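Below is one structure, written out as structure tokens; comments come after it.
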Amino acid sequence: MATGDDVIVNPCESAPLQVVENVELDAKFWLKGHPYSLQNMMNFNPLAEQFIGGTVYQAYLNALSYHRWHSPVSGTIKKVSIVNGSYDYTPNTSLPLLTAIATRAIIFIESDNPYIGLMCFIAVGIAEVSSCEITVAQGQHVDKGDQLGMFHCGGSTHCLIFRPQVNLSFDFHRTEPGLDATNIPVCSCIAVVN
């Protein structure tokens with residue numbers, strides 16, 4: 001079993017929704033099956049181009065989940081930002097679409113593991129009472145499991161985004177990704193770099 005810097009941990013107490021590979025920089029949103037759009041998710045940050053063709057892991061929190069975020073890797077905070085968006089959420093709204101339109105915190109982390117390198121954590125507030133608070137600063141070094149920030153109330157979702165050269169094996173802890181998945185504890189291993 002891999003240990004140390006090869007292990008990526010769950011940043012929130014959350015249930016896996018999906019893993020999508022080969023994400024596009026500027027995907028178009030269609031009525032059904034909304035793809036991820038890196039430019040929209042990352043608020044047109046120039047760093048988004050490094051993630052073209054990469055992997056998105058998305059998970060969601062319910063109202064009773066622990067709502068603080070913890071670093072999935074050890075590394076240096078490269079950039080942080082809050083993007084104001086819509087908190088409008090209904091059960092028919094696509095969770096992948098909300099990663100591009102809802103209020104969200106974007107945190108780029110340069111992993112200490114060169115096989116991971118630059119990665120991105122995005123926390124998305126998806127209810128009218130939810131908000132995002134970042135508690136780390138650019139240039140700060142974090143250890144795996146250190147707090148990055150928190151949601152304040154409401155349901156939420158989050159994404160981990162990896163560059164295309166990062167080869168990952170995911171561990172869903174005996175639950176099937178989707179809307180019926182069960183929570184994986186915070187700081188549990190969710191992926192290993194191969």
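In the structure tokens, each chain is lettered A, B, ... as it comes, each chain's residues begin at 1, and ligands are numbered from 1 in order of appearance.
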_DSSP-assigned strand (DSSP E) among chain A, expressed as a ChimeraX atom specification_ = /A:7-9,15-21,55-61,68-70,75-83,104-111,118-125,132-134,141-142,147-151,156-162,168-170,189-193
Once DSSP has gone over the backbone, tell me which residues of region 4-193 of chain A are in alpha helix (DSSP H), as a PDB file with N, CA, C and O atoms, in the first residue's frame.
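The result, written out as part_23.pdb:
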```pdb
ATOM      1  N   LEU A  38     -13.095  23.971 -17.405  1.00  0.00           N
ATOM      2  CA  LEU A  38     -12.040  24.451 -16.523  1.00  0.00           C
ATOM      3  C   LEU A  38     -12.015  25.973 -16.412  1.00  0.00           C
ATOM      4  O   LEU A  38     -11.846  26.520 -15.329  1.00  0.00           O
ATOM      5  N   GLN A  39     -12.206  26.670 -17.534  1.00  0.00           N
ATOM      6  CA  GLN A  39     -12.185  28.136 -17.483  1.00  0.00           C
ATOM      7  C   GLN A  39     -13.259  28.670 -16.549  1.00  0.00           C
ATOM      8  O   GLN A  39     -13.013  29.576 -15.761  1.00  0.00           O
ATOM      9  N   ASN A  40     -14.472  28.120 -16.657  1.00  0.00           N
ATOM     10  CA  ASN A  40     -15.553  28.596 -15.804  1.00  0.00           C
ATOM     11  C   ASN A  40     -15.337  28.193 -14.352  1.00  0.00           C
ATOM     12  O   ASN A  40     -15.527  29.002 -13.440  1.00  0.00           O
ATOM     13  N   MET A  41     -14.942  26.943 -14.116  1.00  0.00           N
ATOM     14  CA  MET A  41     -14.716  26.480 -12.751  1.00  0.00           C
ATOM     15  C   MET A  41     -13.648  27.313 -12.047  1.00  0.00           C
ATOM     16  O   MET A  41     -13.793  27.683 -10.891  1.00  0.00           O
ATOM     17  N   LEU A  95     -25.016  19.137 -10.346  1.00  0.00           N
ATOM     18  CA  LEU A  95     -23.873  19.468  -9.489  1.00  0.00           C
ATOM     19  C   LEU A  95     -22.636  19.851 -10.307  1.00  0.00           C
ATOM     20  O   LEU A  95     -21.935  20.793  -9.943  1.00  0.00           O
ATOM     21  N   PRO A  96     -22.335  19.173 -11.432  1.00  0.00           N
ATOM     22  CA  PRO A  96     -21.202  19.650 -12.232  1.00  0.00           C
ATOM     23  C   PRO A  96     -21.398  21.071 -12.759  1.00  0.00           C
ATOM     24  O   PRO A  96     -20.452  21.853 -12.808  1.00  0.00           O
ATOM     25  N   LEU A  97     -22.602  21.435 -13.141  1.00  0.00           N
ATOM     26  CA  LEU A  97     -22.864  22.793 -13.610  1.00  0.00           C
ATOM     27  C   LEU A  97     -22.619  23.805 -12.496  1.00  0.00           C
ATOM     28  O   LEU A  97     -22.055  24.879 -12.726  1.00  0.00           O
ATOM     29  N   LEU A  98     -22.995  23.457 -11.275  1.00  0.00           N
ATOM     30  CA  LEU A  98     -22.823  24.388 -10.154  1.00  0.00           C
ATOM     31  C   LEU A  98     -21.358  24.709  -9.885  1.00  0.00           C
ATOM     32  O   LEU A  98     -21.039  25.773  -9.359  1.00  0.00           O
ATOM     33  N   THR A  99     -20.439  23.810 -10.281  1.00  0.00           N
ATOM     34  CA  THR A  99     -19.009  24.087 -10.080  1.00  0.00           C
ATOM     35  C   THR A  99     -18.548  25.277 -10.903  1.00  0.00           C
ATOM     36  O   THR A  99     -17.475  25.828 -10.658  1.00  0.00           O
ATOM     37  N   ALA A 100     -19.348  25.685 -11.881  1.00  0.00           N
ATOM     38  CA  ALA A 100     -18.973  26.801 -12.749  1.00  0.00           C
ATOM     39  C   ALA A 100     -19.799  28.054 -12.520  1.00  0.00           C
ATOM     40  O   ALA A 100     -19.445  29.119 -13.025  1.00  0.00           O
ATOM     41  N   ILE A 101     -20.914  27.957 -11.779  1.00  0.00           N
ATOM     42  CA  ILE A 101     -21.777  29.133 -11.626  1.00  0.00           C
ATOM     43  C   ILE A 101     -22.036  29.529 -10.181  1.00  0.00           C
ATOM     44  O   ILE A 101     -22.418  30.660  -9.916  1.00  0.00           O
TER      45      ILE A 101
END
```
Sort by chain and increasing residue number a table of all residues of region 59-83 of chain A within 12 Å of region 137-148 of chain A, each with its closest pair of atoms and their distance in Å to one decimal, counting only C-alpha atoms, and write it as CSV.
```
residue,atom,partner,partner_atom,distance
A:His67,CA,A:Gln147,CA,10.9
A:Arg68,CA,A:Gln147,CA,7.1
A:Trp69,CA,A:Leu148,CA,5.4
A:His70,CA,A:Gln147,CA,4.2
A:Ser71,CA,A:Gly145,CA,4.9
A:Pro72,CA,A:Lys144,CA,5.6
A:Val73,CA,A:Lys144,CA,4.5
A:Ser74,CA,A:Asp143,CA,4.2
A:Gly75,CA,A:Val142,CA,5.5
A:Thr76,CA,A:His141,CA,4.3
A:Ile77,CA,A:Gln138,CA,5.0
A:Lys78,CA,A:Gln138,CA,5.3
A:Lys79,CA,A:Gln138,CA,5.3
A:Val80,CA,A:Gln138,CA,6.4
A:Ser81,CA,A:Ala137,CA,9.7
```
*Considering only C-alpha atoms, return as a PyMOL selection string whatever protein or nucleic-acid residues lie within 9 Å of Glu13 (chain A), sequence-local ones (same chain, fewer than 2 positions apart) excluded.*
chain A and resi 10-11+15+60-61+65-69+183-188
*asked:* So the first atom is CA of Pro164 (chain A) and the second is CA of Phe51 (chain A); what is the distance between them in Å, to one decimal place?
replied: 6.3 Å
*Record the distance separating CA of Ile52 (chain A) and CA of Thr175 (chain A), expressed in Å with one decimal.*
28.3 Å
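You will find CA of Met150 (chain A) at 13.7 Å from CA of Leu64 (chain A).
Checking A:Ile190, A:Leu179, A:Ile82, A:Ile107 one by one against Cys120 (chain A), counting only C-alpha atoms, you find the shortest gap at A:Ile107.
The residue that comes closest to Ile161 (chain A), out of A:Ala27, A:Cys189, A:Ala105, A:Val56 and on the basis of only C-alpha atoms, is A:Val56.
Among the candidate residues A:Ser131, A:Glu49, A:Gln165, A:Asn22, the one lying nearest to Tyr36 (chain A) is A:Asn22, with distances computed using only C-alpha atoms.
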